[in-house]
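The structure under discussion appears below in the form of structure tokens.
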Amino acid sequence: MVIKRESRFNYTFFFLALISVLFLTVVVLTSRLLSLEQNVRTEYIVLNRDSSKGVVYDKPHRLAVLVPFRDRFEELLVFAPYISNFLNDQHINHDIFILNQVDGYRFNRASLINVGYLFTKADYDYVAMHDVDLLPLNKNLSYDYPKEQPFHVAAPHLHPRYHYSKFVGGILLVKREHFQLVNGMSNKYWGWGLEDDEFYVRLRDAHLNVTRPTNILTGMNDTFKHIHDKNHRKRDTVKCFNQREVTRKRDRHTGLHDVKYKILAVHNLTVDSTPVTVVNIQLTCDKAVTPWCDCSDKK
């Protein structure tokens, strides 16, 4: 009788141990399968973040290239494929937005950039305020996410035309939070120029220090290509009243919160296989904001 009880006890213990081992094996295998599936899914997302461009993007941030635009079609044909290839070489996940001013007022670069920011801010981490006629030639000019401070790609010591220390035009990278912090750009600048100088004051007042490229071996003549056609594309450089004096002061009245506009259409185009989004923007000139400035088109 004693022998039978021992045999029965050993059989029960063995059965329970076998069940425990099988349970642990199932748990471990399930965990590994889930982990493998998650890794595969993550890799799939990374490698196919924008399969339409055929480029592998291995960086977490997305760049909106904001291009203020009016009547620069020939320059756009050169710019879009060139800048897209340049950014793809750096594995910058980006999209190009052509901010096309279609109203009858004078060109307002700053307001167009404000509209472009509002149009893209939900889906992009940072913006490039980018002139359509300025192409980077030096491959070491980085368009990476400016985590700490705004980054001025077209620095004064590299730009082919503008060399003063407070210049932040041409190509400026600003992360979404910083652009929102300074309330965007002033809406008071109708006609070409000076809006960037006021934006520099906004950045300074917000204690944001503009950083610039270092260790670039090229100079003013071979870092960028300026493709502006001076003969057929004359700029509206007429200044309003005391507009030059105003640039030295911070405009605390206008910005993202009061830019007046309508988006009339959005077109998704390709330029030599490069995807481009054209946003047709109708601005409104508020005489109550700029009573001293004639914003009517001078052409």
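As shown in the structure tokens, the chain order sets the letters A, B, ...; within each chain, residues go from 1, and ligands are also counted from 1 in the order they appear.
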
List every residue of segment 23-216 of chain A that DSSP, applied to the backbone, labels as strand (DSSP E or B), and write the result as a ChimeraX atom specification. /A:62-69,93-101,105,126-130,134-136,151-152,171-175,211

Write out as a PyMOL selection string each polymer residue whose atoms come within 6 Å of Val278 of chain A, counting only C-alpha atoms; drop sequence neighbours fewer than 2 positions from it. chain A and resi 97-98+266-267

Kindly save the residues from that selection, with N, CA and C atoms included, as a short mmCIF file (atom, residue, chain, number, x, y, z; two decimals), in the first residue's frame.
data_model
loop_
_atom_site.label_atom_id
_atom_site.label_comp_id
_atom_site.auth_asym_id
_atom_site.auth_seq_id
_atom_site.Cartn_x
_atom_site.Cartn_y
_atom_site.Cartn_z
N PHE A 97 6.12 72.81 -50.03
CA PHE A 97 4.87 73.56 -50.13
C PHE A 97 5.14 74.90 -50.82
N ILE A 98 4.55 75.08 -51.97
CA ILE A 98 4.68 76.33 -52.72
C ILE A 98 3.53 77.23 -52.31
N VAL A 266 -5.78 73.82 -53.33
CA VAL A 266 -4.56 73.07 -53.02
C VAL A 266 -4.35 72.05 -54.13
N HIS A 267 -3.18 72.13 -54.78
CA HIS A 267 -2.89 71.25 -55.91
C HIS A 267 -1.67 70.40 -55.59
#

Which of A:His152, A:Val56, A:Val127, A:Asn93 sits closest to Thr214 of chain A [using only C-alpha atoms]: A:His152

Using only C-alpha atoms, which residue out of A:Asp125, A:Glu195, A:Asp272, A:Asp89 lies closest to Glu177 of chain A?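 Answer, going by the shortest atom-to-atom distance: A:Asp125.
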
Neighbouring residues of Ile83 of chain A were defined as those with any atom within 12 Å, considering only C-alpha atoms; residues of the same chain fewer than 2 positions away were excluded. Please report them as a VMD selection string. chain A and resid 65 to 67 75 to 81 85 to 90 92 94 to 96 128 130 to 137 139 141 143 171 224 to 225 271 274 to 276
